[in-house]
Amino acid sequence: MLRTHTCGELTKDHAGQDVSVCGWVDSYRDHGGLVFIDLRDRYGLIQIVFDPNECPDAHKVAGTLRSEDVIRVDGHVKLRGEGLVNPNIATGEIEIRTHVLTVLNKSKTPPFEPTGENMPNEELRLKYRYVDLRRPQLQEAMILRHKLCKATRDYFDQNGFLEVETPMLGKSTPEGARDYLVPSRVHPGSFYALPQSPQLYKQLLMVGGLDRYFQIARCFRDEDLRADRQPEFTQIDVEMSFVEQEDILTTIDGLIGHLVREIRGEEIQLPLPRLTYADAMERFGSDKPDMRFGMELIDCGEIAAACGFGVFSKTIENGGRVRGINAKGAAEKYSRKMIDELTAWVGDYGAKGLAFFRVKEGKLDSPIAKFFSDEHQQAIIDKLGGENGDLLFFVADKGSVTSAALGALRNRLAKELKLYDPRTLNVLWVVEFPLYSWSEEDNRWQAEHHPFCYPNAADLDKFDTDPGSMRAQSYDLVCNGYEAASGSVRVHDPAVQQKIFDFIGIKEEEAEERFGFLLNALRYGAPPHAGIALGLDRWVMMFLANDNIRDVIAFPKTQKAADQMTEAPSRVDTHQLRDLHIKTDLPTEA
RNA sequence: GGCCCUGUAGCUCAAUUGGUUAGAGCGCCGGACUGUCGAUCCGGAGGUUGCGGGUUCAAGUCCCGUCGGGGUCGCCA
């Protein structure tokens with residue numbers, strides 16, 4: 001070992017001891033005589049002193065040290081004198097008086113200072129990720145991520161689960177996200193797919209009698225990125241046999257309680273609250289409602305139908321909905337210009353307009369208030385619980401548009417109005433999702449969750465009569481407005497599975513070709529089973545009150561799924577392609 | 001695929017809305033300094049304003065294209 005102690009672990013209890021420490025030069029202060037260095041490792045900072053009278057050789061070299069040089073210092077720990085304590089760092093009561101300085105490696109001037117006051121732009125941070133990773137915030141994220149994985153493994157181990165690895169090179173299946181494909185050299189023209197999730201493998205593990213499985217599994221989806229989505233991400237994947245929905249919910253309640261305890265040292269109220277999908281959509285306009293604050297969506301259909309404002313009444317006549325939200329006390333915080341900006345913004349969600357009223361002296365104040373009688377104004381105020389100073393917003397449109405627009409507006413307003421503490425973890429279950437939805441684009445029914453999800457027992461006979469109303473035995477865990485986990489009771493009856501494939505337009509032949517291994521497995525004694533997968537990266541984000549997934553991944557990719565540091569993806573040699581029997585067909589360059 | 005934001009010194013930003021030689025802080029280089037801790041003081045270097053084209057007497061600024069980064073809608077069983 002090159003060191004006896006880390007920089008951060010030294011305290012005044014070490015005073016008088018000879019120690020060796022290693023690390024990066026965080027800053028240097030050269031007084032011509034005395035030279036001071038703040039030495040950094042992932043455990044903290046410690047001040048090193050070079051005194052020309054004590055260590056003339058080391059002092060000479062110390063004058064040449066620069067930011068991010070890697071050094072080793074042998075010396076002794078000394079209490080700082082009266083008035084020399086630095087309260088800004090944990091080791092501020094002590095310092096190391098140097099005996100020997102060893103320069104382990106010089107550094108070029110770094111492109112940015114990892115602990116500097118200026119936060120460089122993310123592109124540069126990603127290009128020099130190894131420098132950025134020295135930043136304490138990023139190290140904190142990596143440490144928290146490790147703790148979360150550790151606590152997860154402990155919890156499942158204590159509860160009799162086995163961690164089993166499943167293949168990365170698998171079979172491409174239709175439905176779902178776009179696959180990342182891997183060409184096979186020994187099977188010309190054939191491809192593996194990287195897993196979008198270990199979904200089918202974990203079901204097969206249940207058929208295989210493993211009974212309780214979990215895995216911290218890497219998953220790949222070739223879809224467009226978002227602030228909370230990376231092309232490769234990590235799931236805490238879980239599956240159990242001989243269980244019902246309730247057992248999964250209880251097991252994951254226990255996991256969340258364990259994680260919050262281990263990571264935050266806090267207790268979370270269990271069982272976690274539950275909300276049906278229908279209630280979530282009605283009250284919050286979202287299947288992943290952020291419930292750290294209220295501002296629920298209120299239906300104003302009756303008032304809208306009766307009022308003299310054509311936009312409202314015609315929407316109701318045409319089968320649409322008029323719903324509103326109340327931004328308490330926000331009337332003076334949003335100018336007309338800002339509201340115009342919000343109006344344009346809800347357009348992204350399909351809303352053609354955004355009506356607003358300020359509640360002022362018990363009446364509505366707005367350019368459109370004149371279309372509402374005193375009676376209707378009062379009805380609106382009563383309906384939304386309006387008080388003077390409140391700002392009311394309304395969207396009149398198709399039901400789905402009112403949900404999307406007001407759901408998004410609710411989140412935005414709450415963030416801007418700071419209606420919650422960002423460190424709060426508000427976790428709940430959303431249950432009873434619809435099983436199938438009609439795809440206008442493909443002109444067919446499609447699985448809302450995935451095609452292996454078991455219908456509610458009571459709805460099993462509705463395939464032919466009213467498939468849109470069938471509810472699934474599926475459940476999402478929602479935290480702070482993020483989908484934090486998703487799962488379902490699986491189909492274990494091959495006849496039902498066949499029926500589902502048939503229903504969503506996968507013909508028997510195709511089902512056999514694509515999913516034959518699963519259908520076959522179900523015919524050889526498949527136990528009833530159910531499972532769930534948690535988004536690990538998102539949980540790390542939420543524990544850190546961060547809203548950028550790249551900040552919780554050591555080497556993340558940009559929005560175009562590129563790695564700025566390695567420059568992946570990249571062209572490959574033509575003979576590599578030849579081995580794989582691949583010819584590229586690129587768009588011609590202009 | 002659509003919409004929006006963004007690119008100026010190594011880094012973070014500015015440039016009086018089209019008008020002299022593109023500035024500042026930090027960093028970097030040199031010098032001074034024995035208790036600093038975001039050290040201080042003195043001096044210095046550093047720019048094809050992402051790239052290409054256009055408009056104009058004149059472009060960092062306006063227009064078109066393109067590349068990179070970010071946000072978002074679609075997409076993500």
# chains A, B, ... in the order shown; residues from 1 in each chain; ligands from 1
>>> interface_residues(of="chain A", to="chain B", cutoff="9 Å", atoms="only C-alpha atoms (C1' of nucleotides)", output="number ranges by chain")
A: 29-38, 47, 51-52, 84, 86, 88, 109-113, 116-123, 174-178, 221-227, 229, 348-349, 446-451, 558-559
>>> residues_around(residues="Ile252 of chain A", least_positions_apart="6", cutoff="12 Å", atoms="only C-alpha atoms (C1' of nucleotides)", output="compact mmCIF listing (two decimals) with C-alpha atoms, in the first residue's frame")
# COMPACT_ATOMS: atom_id res chain seq x y z
CA THR A 152 -31.23 -4.41 -2.41
CA TYR A 155 -33.05 -7.45 1.39
CA PHE A 156 -33.73 -10.07 -1.25
CA ASN A 159 -36.12 -12.99 2.02
CA PHE A 214 -34.06 -11.11 -8.47
CA ILE A 236 -33.93 -4.30 -10.13
CA ASP A 237 -35.76 -7.24 -11.64
CA VAL A 238 -37.96 -9.49 -9.47
CA GLU A 239 -40.17 -12.53 -10.05
CA MET A 240 -42.00 -14.85 -7.62
CA GLN A 245 -50.56 -9.31 -6.91
CA GLU A 246 -50.84 -8.59 -3.20
CA HIS A 258 -35.55 -1.18 3.75
CA LEU A 259 -33.91 1.12 1.19
CA LEU A 270 -46.10 1.26 5.09
CA PRO A 271 -48.05 -0.09 3.37
CA LEU A 272 -47.52 2.39 0.56
CA VAL A 427 -44.16 6.80 -3.12
CA LEU A 428 -47.44 5.15 -4.10
CA TRP A 429 -48.88 2.27 -6.09
CA TYR A 475 -49.18 -2.26 -10.99
CA ASP A 476 -46.76 0.64 -11.15
CA LEU A 477 -44.78 2.12 -8.32
CA ALA A 484 -40.29 3.98 -10.46
CA ALA A 485 -41.31 0.35 -11.02
CA SER A 486 -43.73 -1.61 -13.12
CA GLY A 487 -44.97 -5.18 -12.95
CA GLY A 531 -43.11 -9.95 -10.83
CA ILE A 532 -41.93 -6.39 -11.11
CA ALA A 533 -38.90 -4.34 -12.17
CA LEU A 534 -37.66 -1.17 -10.51
>>> closest_residue(among="A:Ile303, A:Glu513, A:Pro289, A:Ala530", to="Asn411 of chain A", atoms="only C-alpha atoms")
A:Pro289
>>> select_by_dssp(residues="segment 251-414 of chain A", states="strand (DSSP E)", output="ChimeraX atom specification")
/A:274-276,298-299,321-327,355-360,363-365,391-397
>>> write_last_selection(atoms="C-alpha atoms", output="short mmCIF file (atom, residue, chain, number, x, y, z; two decimals), in the first residue's frame")
data_model
loop_
_atom_site.label_atom_id
_atom_site.label_comp_id
_atom_site.auth_asym_id
_atom_site.auth_seq_id
_atom_site.Cartn_x
_atom_site.Cartn_y
_atom_site.Cartn_z
CA ARG A 274 -52.59 2.81 -3.56
CA LEU A 275 -54.51 4.59 -6.24
CA THR A 276 -56.36 3.08 -9.17
CA ILE A 298 -61.47 19.41 -11.15
CA ASP A 299 -64.18 18.56 -13.66
CA ARG A 321 -64.34 17.76 -21.23
CA VAL A 322 -63.58 20.99 -19.42
CA ARG A 323 -61.31 20.61 -16.42
CA GLY A 324 -59.43 23.06 -14.28
CA ILE A 325 -56.78 23.43 -11.62
CA ASN A 326 -56.30 26.02 -8.91
CA ALA A 327 -52.81 27.47 -8.45
CA ALA A 355 -58.30 29.66 -20.17
CA PHE A 356 -57.35 31.44 -16.96
CA PHE A 357 -59.01 33.49 -14.25
CA ARG A 358 -57.57 35.43 -11.37
CA VAL A 359 -59.81 35.37 -8.30
CA LYS A 360 -60.16 38.98 -7.24
CA LYS A 363 -65.07 37.46 -8.67
CA LEU A 364 -63.23 36.19 -11.70
CA ASP A 365 -60.81 38.52 -13.43
CA LEU A 391 -55.06 31.65 -10.32
CA LEU A 392 -57.37 29.18 -12.09
CA PHE A 393 -56.51 27.41 -15.33
CA PHE A 394 -58.88 25.50 -17.62
CA VAL A 395 -58.46 23.29 -20.62
CA ALA A 396 -61.43 22.41 -22.83
CA ASP A 397 -60.71 19.52 -25.17
#
>>> atom_distance(atom1="atom CA of Asp390 of chain A", atom2="atom CA of Ala331 of chain A")
5.1 Å
>>> select_by_dssp(residues="segment 290-530 of chain A", states="helix (DSSP H, G or I)", output="JSON, numbers by chain")
{"A": [301, 302, 303, 304, 305, 306, 310, 311, 312, 313, 314, 315, 316, 317, 336, 337, 338, 339, 340, 341, 342, 343, 344, 345, 346, 347, 348, 349, 369, 370, 371, 374, 375, 376, 377, 378, 379, 380, 381, 382, 383, 399, 400, 401, 402, 403, 404, 405, 406, 407, 408, 409, 410, 411, 412, 413, 414, 415, 416, 457, 458, 459, 460, 461, 462, 467, 468, 469, 494, 495, 496, 497, 498, 499, 500, 501, 502, 503, 508, 509, 510, 511, 512, 513, 514, 515, 516, 517, 518, 519, 520, 521, 522]}
>>> atom_distance(atom1="atom CA of Asp374 of chain A", atom2="atom CA of Cys307 of chain A")
10.6 Å
>>> atom_distance(atom1="atom CA of Lys383 of chain A", atom2="atom CA of Val346 of chain A")
22.7 Å
